[in-house]
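The file input25.cif contains mmCIF, N, CA and C atoms and all ligand atoms:
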```cif
data_work
loop_
_atom_site.label_atom_id
_atom_site.label_comp_id
_atom_site.auth_asym_id
_atom_site.auth_seq_id
_atom_site.Cartn_x
_atom_site.Cartn_y
_atom_site.Cartn_z
N MET P 1 -63.73 39.61 -165.34
CA MET P 1 -62.95 38.69 -166.17
C MET P 1 -62.47 39.39 -167.43
N SER P 2 -61.40 38.90 -167.99
CA SER P 2 -60.83 39.59 -169.15
C SER P 2 -61.69 39.31 -170.37
N GLU P 3 -61.80 40.32 -171.21
CA GLU P 3 -62.60 40.15 -172.41
C GLU P 3 -61.79 39.39 -173.46
N VAL P 4 -62.51 38.80 -174.38
CA VAL P 4 -61.85 38.04 -175.44
C VAL P 4 -61.23 39.01 -176.44
N GLN P 5 -59.97 38.81 -176.71
CA GLN P 5 -59.25 39.70 -177.63
C GLN P 5 -59.19 39.07 -179.02
N PRO P 6 -59.40 39.88 -180.04
CA PRO P 6 -59.20 39.33 -181.38
C PRO P 6 -57.72 39.02 -181.61
N LYS P 7 -57.45 38.10 -182.50
CA LYS P 7 -56.04 37.80 -182.75
C LYS P 7 -55.39 39.00 -183.39
N SER P 8 -54.14 39.22 -183.05
CA SER P 8 -53.51 40.42 -183.59
C SER P 8 -52.19 40.13 -184.29
N ILE P 9 -51.88 38.85 -184.47
CA ILE P 9 -50.77 38.57 -185.38
C ILE P 9 -51.25 37.61 -186.45
N LEU P 10 -50.57 37.63 -187.57
CA LEU P 10 -50.97 36.83 -188.72
C LEU P 10 -50.51 35.40 -188.54
N SER P 11 -51.19 34.50 -189.23
CA SER P 11 -50.82 33.09 -189.18
C SER P 11 -49.37 32.88 -189.58
N GLU P 12 -48.91 33.64 -190.58
CA GLU P 12 -47.53 33.44 -191.06
C GLU P 12 -46.53 33.84 -189.96
N GLU P 13 -46.88 34.93 -189.28
CA GLU P 13 -46.02 35.40 -188.19
C GLU P 13 -46.00 34.36 -187.06
N ALA P 14 -47.17 33.81 -186.76
CA ALA P 14 -47.28 32.77 -185.72
C ALA P 14 -46.45 31.55 -186.12
N ALA P 15 -46.55 31.15 -187.39
CA ALA P 15 -45.81 29.98 -187.87
C ALA P 15 -44.31 30.22 -187.75
N MET P 16 -43.89 31.45 -188.05
CA MET P 16 -42.46 31.78 -187.95
C MET P 16 -41.96 31.65 -186.52
N LYS P 17 -42.76 32.14 -185.58
CA LYS P 17 -42.37 32.05 -184.17
C LYS P 17 -42.28 30.60 -183.72
N LEU P 18 -43.19 29.77 -184.22
CA LEU P 18 -43.16 28.35 -183.86
C LEU P 18 -41.90 27.69 -184.42
N ARG P 19 -41.61 27.96 -185.70
CA ARG P 19 -40.42 27.36 -186.31
C ARG P 19 -39.17 27.80 -185.57
N ALA P 20 -39.13 29.07 -185.19
CA ALA P 20 -37.95 29.58 -184.48
C ALA P 20 -37.76 28.85 -183.15
N ALA P 21 -38.86 28.33 -182.59
CA ALA P 21 -38.78 27.59 -181.33
C ALA P 21 -38.73 26.08 -181.58
N SER P 22 -38.46 25.71 -182.82
CA SER P 22 -38.36 24.29 -183.22
C SER P 22 -39.66 23.52 -183.01
N LEU P 23 -40.79 24.20 -183.18
CA LEU P 23 -42.09 23.52 -183.14
C LEU P 23 -42.68 23.54 -184.55
N ARG P 24 -43.14 22.38 -185.00
CA ARG P 24 -43.76 22.33 -186.31
C ARG P 24 -45.06 23.13 -186.26
N PRO P 25 -45.25 24.03 -187.23
CA PRO P 25 -46.46 24.87 -187.18
C PRO P 25 -47.71 24.13 -187.64
N THR P 26 -48.29 23.34 -186.75
CA THR P 26 -49.56 22.67 -187.05
C THR P 26 -50.68 23.70 -186.95
N ARG P 27 -51.85 23.33 -187.48
CA ARG P 27 -52.99 24.26 -187.46
C ARG P 27 -53.33 24.67 -186.02
N GLN P 28 -53.31 23.69 -185.11
CA GLN P 28 -53.66 23.99 -183.72
C GLN P 28 -52.64 24.91 -183.07
N ARG P 29 -51.36 24.59 -183.27
CA ARG P 29 -50.33 25.43 -182.65
C ARG P 29 -50.39 26.85 -183.19
N ILE P 30 -50.67 26.98 -184.50
CA ILE P 30 -50.76 28.32 -185.10
C ILE P 30 -51.91 29.10 -184.46
N ALA P 31 -53.06 28.43 -184.30
CA ALA P 31 -54.23 29.11 -183.71
C ALA P 31 -53.90 29.63 -182.31
N ILE P 32 -53.18 28.83 -181.54
CA ILE P 32 -52.84 29.25 -180.18
C ILE P 32 -51.76 30.33 -180.20
N ALA P 33 -50.79 30.17 -181.07
CA ALA P 33 -49.72 31.18 -181.17
C ALA P 33 -50.29 32.53 -181.57
N GLU P 34 -51.30 32.52 -182.45
CA GLU P 34 -51.92 33.78 -182.87
C GLU P 34 -52.49 34.54 -181.68
N ARG P 35 -52.98 33.81 -180.69
CA ARG P 35 -53.60 34.45 -179.53
C ARG P 35 -52.57 34.83 -178.45
N LEU P 36 -51.54 33.99 -178.31
CA LEU P 36 -50.69 34.16 -177.13
C LEU P 36 -49.30 34.73 -177.42
N LEU P 37 -48.87 34.68 -178.68
CA LEU P 37 -47.49 35.10 -178.95
C LEU P 37 -47.43 36.41 -179.71
N ASP P 38 -48.35 37.31 -179.38
CA ASP P 38 -48.39 38.58 -180.11
C ASP P 38 -47.71 39.70 -179.34
N GLY P 39 -47.02 39.34 -178.26
CA GLY P 39 -46.26 40.36 -177.53
C GLY P 39 -47.01 40.98 -176.37
N ARG P 40 -48.33 40.73 -176.29
CA ARG P 40 -49.06 41.25 -175.13
C ARG P 40 -48.78 40.40 -173.91
N ALA P 41 -48.66 41.04 -172.75
CA ALA P 41 -48.48 40.29 -171.50
C ALA P 41 -49.84 39.82 -171.03
N ARG P 42 -50.01 38.51 -170.97
CA ARG P 42 -51.29 37.95 -170.56
C ARG P 42 -51.05 36.74 -169.68
N HIS P 43 -52.10 36.39 -168.92
CA HIS P 43 -52.08 35.17 -168.12
C HIS P 43 -53.35 34.42 -168.46
N VAL P 44 -53.23 33.27 -169.07
CA VAL P 44 -54.43 32.56 -169.48
C VAL P 44 -54.39 31.11 -169.01
N SER P 45 -55.57 30.59 -168.70
CA SER P 45 -55.70 29.17 -168.39
C SER P 45 -56.11 28.44 -169.67
N ALA P 46 -55.96 27.12 -169.65
CA ALA P 46 -56.37 26.32 -170.81
C ALA P 46 -57.86 26.54 -171.09
N GLU P 47 -58.66 26.66 -170.02
CA GLU P 47 -60.11 26.83 -170.19
C GLU P 47 -60.44 28.17 -170.85
N GLN P 48 -59.74 29.24 -170.39
CA GLN P 48 -59.97 30.55 -171.01
C GLN P 48 -59.61 30.51 -172.49
N LEU P 49 -58.49 29.86 -172.77
CA LEU P 49 -58.04 29.77 -174.15
C LEU P 49 -59.06 29.01 -175.00
N ARG P 50 -59.61 27.93 -174.42
CA ARG P 50 -60.63 27.17 -175.16
C ARG P 50 -61.81 28.07 -175.51
N ASP P 51 -62.27 28.89 -174.53
CA ASP P 51 -63.40 29.79 -174.79
C ASP P 51 -63.07 30.81 -175.87
N GLU P 52 -61.85 31.33 -175.85
CA GLU P 52 -61.43 32.29 -176.88
C GLU P 52 -61.43 31.65 -178.26
N LEU P 53 -60.91 30.44 -178.31
CA LEU P 53 -60.82 29.76 -179.60
C LEU P 53 -62.22 29.48 -180.16
N VAL P 54 -63.16 29.13 -179.26
CA VAL P 54 -64.54 28.92 -179.69
C VAL P 54 -65.12 30.23 -180.21
N ALA P 55 -64.89 31.32 -179.45
CA ALA P 55 -65.43 32.62 -179.83
C ALA P 55 -64.92 33.07 -181.20
N TYR P 56 -63.75 32.60 -181.58
CA TYR P 56 -63.18 33.00 -182.86
C TYR P 56 -63.24 31.89 -183.90
N GLY P 57 -64.17 30.94 -183.67
CA GLY P 57 -64.43 29.94 -184.69
C GLY P 57 -63.32 28.94 -184.91
N GLN P 58 -62.48 28.75 -183.89
CA GLN P 58 -61.41 27.75 -184.00
C GLN P 58 -61.48 26.79 -182.81
N PRO P 59 -62.64 26.14 -182.64
CA PRO P 59 -62.79 25.28 -181.45
C PRO P 59 -61.75 24.17 -181.42
N MET P 60 -61.32 23.84 -180.22
CA MET P 60 -60.25 22.85 -180.07
C MET P 60 -60.51 22.08 -178.78
N ALA P 61 -60.24 20.78 -178.79
CA ALA P 61 -60.44 19.97 -177.59
C ALA P 61 -59.50 20.44 -176.49
N LEU P 62 -60.01 20.41 -175.26
CA LEU P 62 -59.21 20.87 -174.13
C LEU P 62 -57.89 20.09 -174.03
N ALA P 63 -57.94 18.78 -174.29
CA ALA P 63 -56.73 17.96 -174.21
C ALA P 63 -55.67 18.44 -175.21
N THR P 64 -56.13 18.82 -176.39
CA THR P 64 -55.21 19.34 -177.42
C THR P 64 -54.60 20.65 -176.95
N ILE P 65 -55.45 21.49 -176.34
CA ILE P 65 -54.96 22.78 -175.85
C ILE P 65 -53.91 22.56 -174.76
N TYR P 66 -54.19 21.64 -173.84
CA TYR P 66 -53.20 21.33 -172.79
C TYR P 66 -51.89 20.86 -173.40
N ASN P 67 -51.98 19.97 -174.40
CA ASN P 67 -50.76 19.48 -175.06
C ASN P 67 -49.98 20.63 -175.67
N CYS P 68 -50.67 21.49 -176.40
CA CYS P 68 -49.99 22.61 -177.07
C CYS P 68 -49.34 23.53 -176.05
N LEU P 69 -50.09 23.85 -174.98
CA LEU P 69 -49.54 24.76 -173.97
C LEU P 69 -48.28 24.15 -173.35
N HIS P 70 -48.33 22.85 -173.12
CA HIS P 70 -47.17 22.18 -172.55
C HIS P 70 -45.98 22.22 -173.52
N GLN P 71 -46.25 22.01 -174.79
CA GLN P 71 -45.18 22.09 -175.79
C GLN P 71 -44.62 23.51 -175.87
N PHE P 72 -45.49 24.50 -175.80
CA PHE P 72 -45.03 25.90 -175.82
C PHE P 72 -44.14 26.17 -174.60
N GLU P 73 -44.56 25.62 -173.47
CA GLU P 73 -43.78 25.79 -172.24
C GLU P 73 -42.39 25.15 -172.40
N GLU P 74 -42.37 23.91 -172.89
CA GLU P 74 -41.09 23.21 -173.09
C GLU P 74 -40.19 23.97 -174.05
N ALA P 75 -40.81 24.62 -175.03
CA ALA P 75 -40.04 25.36 -176.03
C ALA P 75 -39.65 26.76 -175.54
N GLY P 76 -40.07 27.09 -174.32
CA GLY P 76 -39.70 28.39 -173.75
C GLY P 76 -40.53 29.55 -174.27
N LEU P 77 -41.71 29.27 -174.82
CA LEU P 77 -42.56 30.34 -175.36
C LEU P 77 -43.54 30.88 -174.33
N LEU P 78 -43.82 30.07 -173.32
CA LEU P 78 -44.75 30.46 -172.26
C LEU P 78 -44.17 29.98 -170.95
N ARG P 79 -44.67 30.59 -169.87
CA ARG P 79 -44.21 30.18 -168.55
C ARG P 79 -45.42 29.90 -167.67
N PRO P 80 -45.45 28.75 -167.01
CA PRO P 80 -46.60 28.48 -166.15
C PRO P 80 -46.47 29.24 -164.83
N VAL P 81 -47.58 29.72 -164.31
CA VAL P 81 -47.61 30.30 -162.97
C VAL P 81 -48.70 29.59 -162.18
N HIS P 82 -48.49 29.44 -160.91
CA HIS P 82 -49.35 28.54 -160.13
C HIS P 82 -50.08 29.22 -158.99
N HIS P 83 -50.38 30.51 -159.14
CA HIS P 83 -50.94 31.23 -157.99
C HIS P 83 -52.41 31.01 -157.79
N ALA P 84 -53.11 30.64 -158.83
CA ALA P 84 -54.57 30.75 -158.82
C ALA P 84 -55.23 29.42 -158.47
N GLY P 85 -55.11 29.00 -157.26
CA GLY P 85 -55.75 27.75 -156.87
C GLY P 85 -55.17 26.59 -157.64
N ASP P 86 -56.04 25.74 -158.19
CA ASP P 86 -55.55 24.57 -158.92
C ASP P 86 -55.18 24.90 -160.35
N ALA P 87 -55.81 25.94 -160.89
CA ALA P 87 -55.62 26.22 -162.31
C ALA P 87 -54.21 26.75 -162.57
N VAL P 88 -53.52 26.14 -163.52
CA VAL P 88 -52.25 26.69 -163.97
C VAL P 88 -52.58 27.78 -164.98
N LEU P 89 -51.97 28.94 -164.76
CA LEU P 89 -52.10 30.00 -165.75
C LEU P 89 -50.80 30.05 -166.54
N TYR P 90 -50.90 30.34 -167.81
CA TYR P 90 -49.71 30.49 -168.64
C TYR P 90 -49.43 31.96 -168.86
N ASP P 91 -48.19 32.33 -168.61
CA ASP P 91 -47.77 33.73 -168.66
C ASP P 91 -47.01 33.96 -169.96
N THR P 92 -47.45 34.96 -170.72
CA THR P 92 -46.76 35.26 -171.98
C THR P 92 -45.58 36.20 -171.75
N ASN P 93 -45.50 36.76 -170.54
CA ASN P 93 -44.38 37.64 -170.20
C ASN P 93 -43.24 36.78 -169.65
N LEU P 94 -42.19 36.61 -170.45
CA LEU P 94 -41.13 35.68 -170.07
C LEU P 94 -40.04 36.34 -169.24
N GLY P 95 -40.07 37.67 -169.14
CA GLY P 95 -39.07 38.36 -168.33
C GLY P 95 -39.33 38.16 -166.85
N ASP P 96 -38.30 38.36 -166.01
CA ASP P 96 -38.51 38.29 -164.57
C ASP P 96 -39.51 39.35 -164.15
N HIS P 97 -40.52 38.96 -163.42
CA HIS P 97 -41.46 39.94 -162.89
C HIS P 97 -42.25 39.31 -161.74
N HIS P 98 -43.00 40.16 -161.08
CA HIS P 98 -43.80 39.73 -159.93
C HIS P 98 -45.27 39.88 -160.26
N HIS P 99 -46.12 39.45 -159.35
CA HIS P 99 -47.55 39.49 -159.63
C HIS P 99 -48.38 39.99 -158.45
N PHE P 100 -49.41 40.76 -158.80
CA PHE P 100 -50.56 40.91 -157.92
C PHE P 100 -51.50 39.76 -158.28
N VAL P 101 -52.14 39.16 -157.30
CA VAL P 101 -53.17 38.18 -157.62
C VAL P 101 -54.43 38.55 -156.85
N ASP P 102 -55.53 38.63 -157.58
CA ASP P 102 -56.83 38.85 -156.97
C ASP P 102 -57.28 37.51 -156.42
N VAL P 103 -57.35 37.40 -155.09
CA VAL P 103 -57.62 36.09 -154.50
C VAL P 103 -59.03 35.59 -154.82
N GLU P 104 -59.92 36.51 -155.20
CA GLU P 104 -61.27 36.06 -155.50
C GLU P 104 -61.39 35.51 -156.91
N THR P 105 -60.78 36.22 -157.86
CA THR P 105 -60.95 35.81 -159.26
C THR P 105 -59.76 35.01 -159.77
N GLY P 106 -58.64 35.08 -159.06
CA GLY P 106 -57.45 34.41 -159.54
C GLY P 106 -56.72 35.19 -160.61
N GLU P 107 -57.24 36.38 -160.94
CA GLU P 107 -56.61 37.18 -162.00
C GLU P 107 -55.24 37.68 -161.56
N LEU P 108 -54.28 37.64 -162.47
CA LEU P 108 -52.93 38.10 -162.19
C LEU P 108 -52.66 39.41 -162.90
N ILE P 109 -51.91 40.27 -162.23
CA ILE P 109 -51.46 41.53 -162.84
C ILE P 109 -49.95 41.59 -162.65
N ASP P 110 -49.22 41.87 -163.72
CA ASP P 110 -47.77 41.93 -163.63
C ASP P 110 -47.29 43.11 -162.80
N ILE P 111 -46.23 42.90 -162.06
CA ILE P 111 -45.53 43.98 -161.36
C ILE P 111 -44.12 44.03 -161.92
N ASP P 112 -43.71 45.20 -162.35
CA ASP P 112 -42.36 45.36 -162.87
C ASP P 112 -41.35 45.12 -161.74
N PRO P 113 -40.29 44.33 -162.00
CA PRO P 113 -39.33 44.05 -160.93
C PRO P 113 -38.67 45.31 -160.38
N GLY P 114 -38.58 46.36 -161.19
CA GLY P 114 -37.99 47.62 -160.75
C GLY P 114 -38.80 48.32 -159.67
N GLU P 115 -40.06 47.92 -159.52
CA GLU P 115 -40.94 48.58 -158.55
C GLU P 115 -40.83 47.96 -157.17
N ILE P 116 -40.05 46.90 -157.04
CA ILE P 116 -39.95 46.22 -155.75
C ILE P 116 -38.51 46.15 -155.28
N LEU P 117 -38.31 46.57 -154.06
CA LEU P 117 -37.00 46.47 -153.45
C LEU P 117 -36.90 45.06 -152.86
N MET P 118 -35.98 44.26 -153.38
CA MET P 118 -35.95 42.87 -152.95
C MET P 118 -35.37 42.73 -151.55
N PRO P 119 -35.98 41.86 -150.76
CA PRO P 119 -35.46 41.62 -149.41
C PRO P 119 -34.18 40.78 -149.48
N GLU P 120 -33.45 40.78 -148.40
CA GLU P 120 -32.29 39.91 -148.33
C GLU P 120 -32.77 38.48 -148.13
N LEU P 121 -32.18 37.55 -148.83
CA LEU P 121 -32.66 36.17 -148.74
C LEU P 121 -32.08 35.47 -147.51
N PRO P 122 -32.86 34.56 -146.94
CA PRO P 122 -32.30 33.71 -145.89
C PRO P 122 -31.29 32.76 -146.53
N GLU P 123 -30.52 32.10 -145.70
CA GLU P 123 -29.56 31.13 -146.23
C GLU P 123 -30.32 30.02 -146.96
N LEU P 124 -29.84 29.66 -148.14
CA LEU P 124 -30.55 28.65 -148.92
C LEU P 124 -30.22 27.26 -148.39
N PRO P 125 -31.14 26.32 -148.57
CA PRO P 125 -30.84 24.94 -148.15
C PRO P 125 -29.60 24.43 -148.87
N ASP P 126 -28.87 23.55 -148.20
CA ASP P 126 -27.65 22.98 -148.77
C ASP P 126 -27.89 22.40 -150.15
N GLY P 127 -26.98 22.70 -151.05
CA GLY P 127 -27.05 22.09 -152.38
C GLY P 127 -27.97 22.80 -153.34
N PHE P 128 -28.55 23.94 -152.93
CA PHE P 128 -29.45 24.66 -153.81
C PHE P 128 -28.93 26.05 -154.10
N GLU P 129 -29.31 26.56 -155.29
CA GLU P 129 -29.10 27.97 -155.58
C GLU P 129 -30.44 28.55 -156.00
N ALA P 130 -30.62 29.84 -155.83
CA ALA P 130 -31.88 30.47 -156.20
C ALA P 130 -31.93 30.60 -157.72
N GLU P 131 -32.96 30.05 -158.33
CA GLU P 131 -33.11 30.17 -159.78
C GLU P 131 -33.72 31.52 -160.13
N SER P 132 -34.75 31.89 -159.38
CA SER P 132 -35.37 33.19 -159.56
C SER P 132 -36.15 33.51 -158.30
N ILE P 133 -36.48 34.77 -158.16
CA ILE P 133 -37.27 35.19 -157.00
C ILE P 133 -38.53 35.83 -157.52
N GLU P 134 -39.65 35.31 -157.11
CA GLU P 134 -40.90 35.84 -157.59
C GLU P 134 -41.78 36.16 -156.41
N LEU P 135 -42.26 37.39 -156.40
CA LEU P 135 -43.07 37.85 -155.30
C LEU P 135 -44.53 37.90 -155.72
N THR P 136 -45.42 37.46 -154.85
CA THR P 136 -46.84 37.53 -155.15
C THR P 136 -47.52 38.38 -154.07
N VAL P 137 -48.20 39.42 -154.52
CA VAL P 137 -48.98 40.24 -153.59
C VAL P 137 -50.44 39.83 -153.75
N ARG P 138 -50.97 39.24 -152.70
CA ARG P 138 -52.36 38.77 -152.76
C ARG P 138 -53.31 39.93 -152.44
N LEU P 139 -54.28 40.13 -153.32
CA LEU P 139 -55.19 41.26 -153.18
C LEU P 139 -56.60 40.79 -152.87
N ARG P 140 -57.25 41.51 -151.97
CA ARG P 140 -58.69 41.32 -151.86
C ARG P 140 -59.35 42.68 -151.78
N ARG P 141 -60.56 42.77 -152.30
CA ARG P 141 -61.28 44.04 -152.30
C ARG P 141 -61.56 44.49 -150.88
N LYS P 142 -61.40 45.81 -150.67
CA LYS P 142 -61.74 46.36 -149.35
C LYS P 142 -63.22 46.19 -149.11
N SER P 143 -63.59 45.79 -147.88
CA SER P 143 -65.02 45.63 -147.62
C SER P 143 -65.62 46.89 -147.06
ZN ZN W 201 -47.01 37.69 -165.34
#
```
For the file at hand, write its structure as structure tokens.
Ligand SMILES: [Zn+2]
Amino acid sequence: MSEVQPKSILSEEAAMKLRAASLRPTRQRIAIAERLLDGRARHVSAEQLRDELVAYGQPMALATIYNCLHQFEEAGLLRPVHHAGDAVLYDTNLGDHHHFVDVETGELIDIDPGEILMPELPELPDGFEAESIELTVRLRRKS
């Protein structure tokens, strides 16, 4: 599992990013922005985030964390990914990319789109266009 990272951007920087996304910089949003909007590519669940916030003395109710993550998503600051069973992971990498997923742990690893030769798409259903193409390579440890 990923280790807990100390925050690496300042509260003022976090507040600025929130304002730029038209989100009022509340104490909770700032605490989350400090962890997730520092430019590192990460995939975190609400539960992981809760544990990190506790570890850094900023405990927050899970419901509040879910609300904030949803607001960040609506504001285009995070992107949800749904590979890991039921848990939604939030991706801080907003660029087009693909993922390796460890089927045992649910951990995601980014794959640069340049590393994959895209297949030709089948004909799309009537009335639809492709919004994006995302490839998931499911990994399991060799036995
Ligand atoms: Zn990713």
What do you get as a PDB file with N, CA and C atoms, keeping the file's coordinate frame if you pick all residues at most 6.5 Å from ligand ZN 201 (chain W), counting all atoms listed in the file?
```
ATOM      1  N   ARG P  42     -50.010  38.510-170.970  1.00  0.00           N
ATOM      2  CA  ARG P  42     -51.290  37.950-170.560  1.00  0.00           C
ATOM      3  C   ARG P  42     -51.050  36.740-169.680  1.00  0.00           C
ATOM      4  N   HIS P  43     -52.100  36.390-168.920  1.00  0.00           N
ATOM      5  CA  HIS P  43     -52.080  35.170-168.120  1.00  0.00           C
ATOM      6  C   HIS P  43     -53.350  34.420-168.460  1.00  0.00           C
ATOM      7  N   ASP P  91     -48.190  32.330-168.610  1.00  0.00           N
ATOM      8  CA  ASP P  91     -47.770  33.730-168.660  1.00  0.00           C
ATOM      9  C   ASP P  91     -47.010  33.960-169.960  1.00  0.00           C
ATOM     10  N   THR P  92     -47.450  34.960-170.720  1.00  0.00           N
ATOM     11  CA  THR P  92     -46.760  35.260-171.980  1.00  0.00           C
ATOM     12  C   THR P  92     -45.580  36.200-171.750  1.00  0.00           C
ATOM     13  N   ASN P  93     -45.500  36.760-170.540  1.00  0.00           N
ATOM     14  CA  ASN P  93     -44.380  37.640-170.200  1.00  0.00           C
ATOM     15  C   ASN P  93     -43.240  36.780-169.650  1.00  0.00           C
ATOM     16  N   HIS P  97     -40.520  38.960-163.420  1.00  0.00           N
ATOM     17  CA  HIS P  97     -41.460  39.940-162.890  1.00  0.00           C
ATOM     18  C   HIS P  97     -42.250  39.310-161.740  1.00  0.00           C
ATOM     19  N   HIS P  98     -43.000  40.160-161.080  1.00  0.00           N
ATOM     20  CA  HIS P  98     -43.800  39.730-159.930  1.00  0.00           C
ATOM     21  C   HIS P  98     -45.270  39.880-160.260  1.00  0.00           C
ATOM     22  N   HIS P  99     -46.120  39.450-159.350  1.00  0.00           N
ATOM     23  CA  HIS P  99     -47.550  39.490-159.630  1.00  0.00           C
ATOM     24  C   HIS P  99     -48.380  39.990-158.450  1.00  0.00           C
ATOM     25  N   LEU P 108     -54.280  37.640-162.470  1.00  0.00           N
ATOM     26  CA  LEU P 108     -52.930  38.100-162.190  1.00  0.00           C
ATOM     27  C   LEU P 108     -52.660  39.410-162.900  1.00  0.00           C
ATOM     28  N   ILE P 109     -51.910  40.270-162.230  1.00  0.00           N
ATOM     29  CA  ILE P 109     -51.460  41.530-162.840  1.00  0.00           C
ATOM     30  C   ILE P 109     -49.950  41.590-162.650  1.00  0.00           C
ATOM     31  N   ASP P 110     -49.220  41.870-163.720  1.00  0.00           N
ATOM     32  CA  ASP P 110     -47.770  41.930-163.630  1.00  0.00           C
ATOM     33  C   ASP P 110     -47.290  43.110-162.800  1.00  0.00           C
ATOM     34  N   ILE P 111     -46.230  42.900-162.060  1.00  0.00           N
ATOM     35  CA  ILE P 111     -45.530  43.980-161.360  1.00  0.00           C
ATOM     36  C   ILE P 111     -44.120  44.030-161.920  1.00  0.00           C
TER      37      ILE P 111
END
```
- Nearest to Lys17 in chain P among P:Ser45, P:Glu52, P:Ala75, P:Leu135, with distances taken over only C-alpha atoms: which residue is it?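 Nearest to Lys17 in chain P: P:Ala75.
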- Message: Can you tell me, as a PyMOL selection string, which residues in range 15-106 of chain P count as strand (DSSP E) by DSSP?
- Response: chain P and resi 43-44+79-81+89-91+98-102
- Message: Just checking: using only N, CA and C atoms, which residue out of P:Met118, P:Val103, P:Pro113, P:Leu62 ends up closest to Arg140 in chain P?
- Response: P:Val103
- Running DSSP on the backbone, which parts of range 26-96 of chain P land in helix (DSSP H, G or I), as a PyMOL selection string? chain P and resi 27-36+46-55+62-74
Would you write out those residues with N, CA and C atoms, as a compact mmCIF listing (two decimals), keeping the file's coordinate frame?
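Final file, result-v8.txt:
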```txt
# COMPACT_ATOMS: atom_id res chain seq x y z
N ARG P 27 -51.85 23.33 -187.48
CA ARG P 27 -52.99 24.26 -187.46
C ARG P 27 -53.33 24.67 -186.02
N GLN P 28 -53.31 23.69 -185.11
CA GLN P 28 -53.66 23.99 -183.72
C GLN P 28 -52.64 24.91 -183.07
N ARG P 29 -51.36 24.59 -183.27
CA ARG P 29 -50.33 25.43 -182.65
C ARG P 29 -50.39 26.85 -183.19
N ILE P 30 -50.67 26.98 -184.50
CA ILE P 30 -50.76 28.32 -185.10
C ILE P 30 -51.91 29.10 -184.46
N ALA P 31 -53.06 28.43 -184.30
CA ALA P 31 -54.23 29.11 -183.71
C ALA P 31 -53.90 29.63 -182.31
N ILE P 32 -53.18 28.83 -181.54
CA ILE P 32 -52.84 29.25 -180.18
C ILE P 32 -51.76 30.33 -180.20
N ALA P 33 -50.79 30.17 -181.07
CA ALA P 33 -49.72 31.18 -181.17
C ALA P 33 -50.29 32.53 -181.57
N GLU P 34 -51.30 32.52 -182.45
CA GLU P 34 -51.92 33.78 -182.87
C GLU P 34 -52.49 34.54 -181.68
N ARG P 35 -52.98 33.81 -180.69
CA ARG P 35 -53.60 34.45 -179.53
C ARG P 35 -52.57 34.83 -178.45
N LEU P 36 -51.54 33.99 -178.31
CA LEU P 36 -50.69 34.16 -177.13
C LEU P 36 -49.30 34.73 -177.42
N ALA P 46 -55.96 27.12 -169.65
CA ALA P 46 -56.37 26.32 -170.81
C ALA P 46 -57.86 26.54 -171.09
N GLU P 47 -58.66 26.66 -170.02
CA GLU P 47 -60.11 26.83 -170.19
C GLU P 47 -60.44 28.17 -170.85
N GLN P 48 -59.74 29.24 -170.39
CA GLN P 48 -59.97 30.55 -171.01
C GLN P 48 -59.61 30.51 -172.49
N LEU P 49 -58.49 29.86 -172.77
CA LEU P 49 -58.04 29.77 -174.15
C LEU P 49 -59.06 29.01 -175.00
N ARG P 50 -59.61 27.93 -174.42
CA ARG P 50 -60.63 27.17 -175.16
C ARG P 50 -61.81 28.07 -175.51
N ASP P 51 -62.27 28.89 -174.53
CA ASP P 51 -63.40 29.79 -174.79
C ASP P 51 -63.07 30.81 -175.87
N GLU P 52 -61.85 31.33 -175.85
CA GLU P 52 -61.43 32.29 -176.88
C GLU P 52 -61.43 31.65 -178.26
N LEU P 53 -60.91 30.44 -178.31
CA LEU P 53 -60.82 29.76 -179.60
C LEU P 53 -62.22 29.48 -180.16
N VAL P 54 -63.16 29.13 -179.26
CA VAL P 54 -64.54 28.92 -179.69
C VAL P 54 -65.12 30.23 -180.21
N ALA P 55 -64.89 31.32 -179.45
CA ALA P 55 -65.43 32.62 -179.83
C ALA P 55 -64.92 33.07 -181.20
N LEU P 62 -60.01 20.41 -175.26
CA LEU P 62 -59.21 20.87 -174.13
C LEU P 62 -57.89 20.09 -174.03
N ALA P 63 -57.94 18.78 -174.29
CA ALA P 63 -56.73 17.96 -174.21
C ALA P 63 -55.67 18.44 -175.21
N THR P 64 -56.13 18.82 -176.39
CA THR P 64 -55.21 19.34 -177.42
C THR P 64 -54.60 20.65 -176.95
N ILE P 65 -55.45 21.49 -176.34
CA ILE P 65 -54.96 22.78 -175.85
C ILE P 65 -53.91 22.56 -174.76
N TYR P 66 -54.19 21.64 -173.84
CA TYR P 66 -53.20 21.33 -172.79
C TYR P 66 -51.89 20.86 -173.40
N ASN P 67 -51.98 19.97 -174.40
CA ASN P 67 -50.76 19.48 -175.06
C ASN P 67 -49.98 20.63 -175.67
N CYS P 68 -50.67 21.49 -176.40
CA CYS P 68 -49.99 22.61 -177.07
C CYS P 68 -49.34 23.53 -176.05
N LEU P 69 -50.09 23.85 -174.98
CA LEU P 69 -49.54 24.76 -173.97
C LEU P 69 -48.28 24.15 -173.35
N HIS P 70 -48.33 22.85 -173.12
CA HIS P 70 -47.17 22.18 -172.55
C HIS P 70 -45.98 22.22 -173.52
N GLN P 71 -46.25 22.01 -174.79
CA GLN P 71 -45.18 22.09 -175.79
C GLN P 71 -44.62 23.51 -175.87
N PHE P 72 -45.49 24.50 -175.80
CA PHE P 72 -45.03 25.90 -175.82
C PHE P 72 -44.14 26.17 -174.60
N GLU P 73 -44.56 25.62 -173.47
CA GLU P 73 -43.78 25.79 -172.24
C GLU P 73 -42.39 25.15 -172.40
N GLU P 74 -42.37 23.91 -172.89
CA GLU P 74 -41.09 23.21 -173.09
C GLU P 74 -40.19 23.97 -174.05
```
- Item | Separation of CA of Arg19 in chain P from CA of Ala55 in chain P, in Å and rounded to one decimal |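 Between CA of Arg19 in chain P and CA of Ala55 in chain P the gap is 26.4 Å.
CA of Leu117 in chain P lies 29.3 Å from atom C of Ser143 in chain P.
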- Message: Restricting the calculation to only C-alpha atoms: of P:Glu107, P:Gln48, P:Met60, P:Ile32, which residue gets closest to Phe72 in chain P?
- Response: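 So, comparing all the options, the nearest one is P:Ile32.
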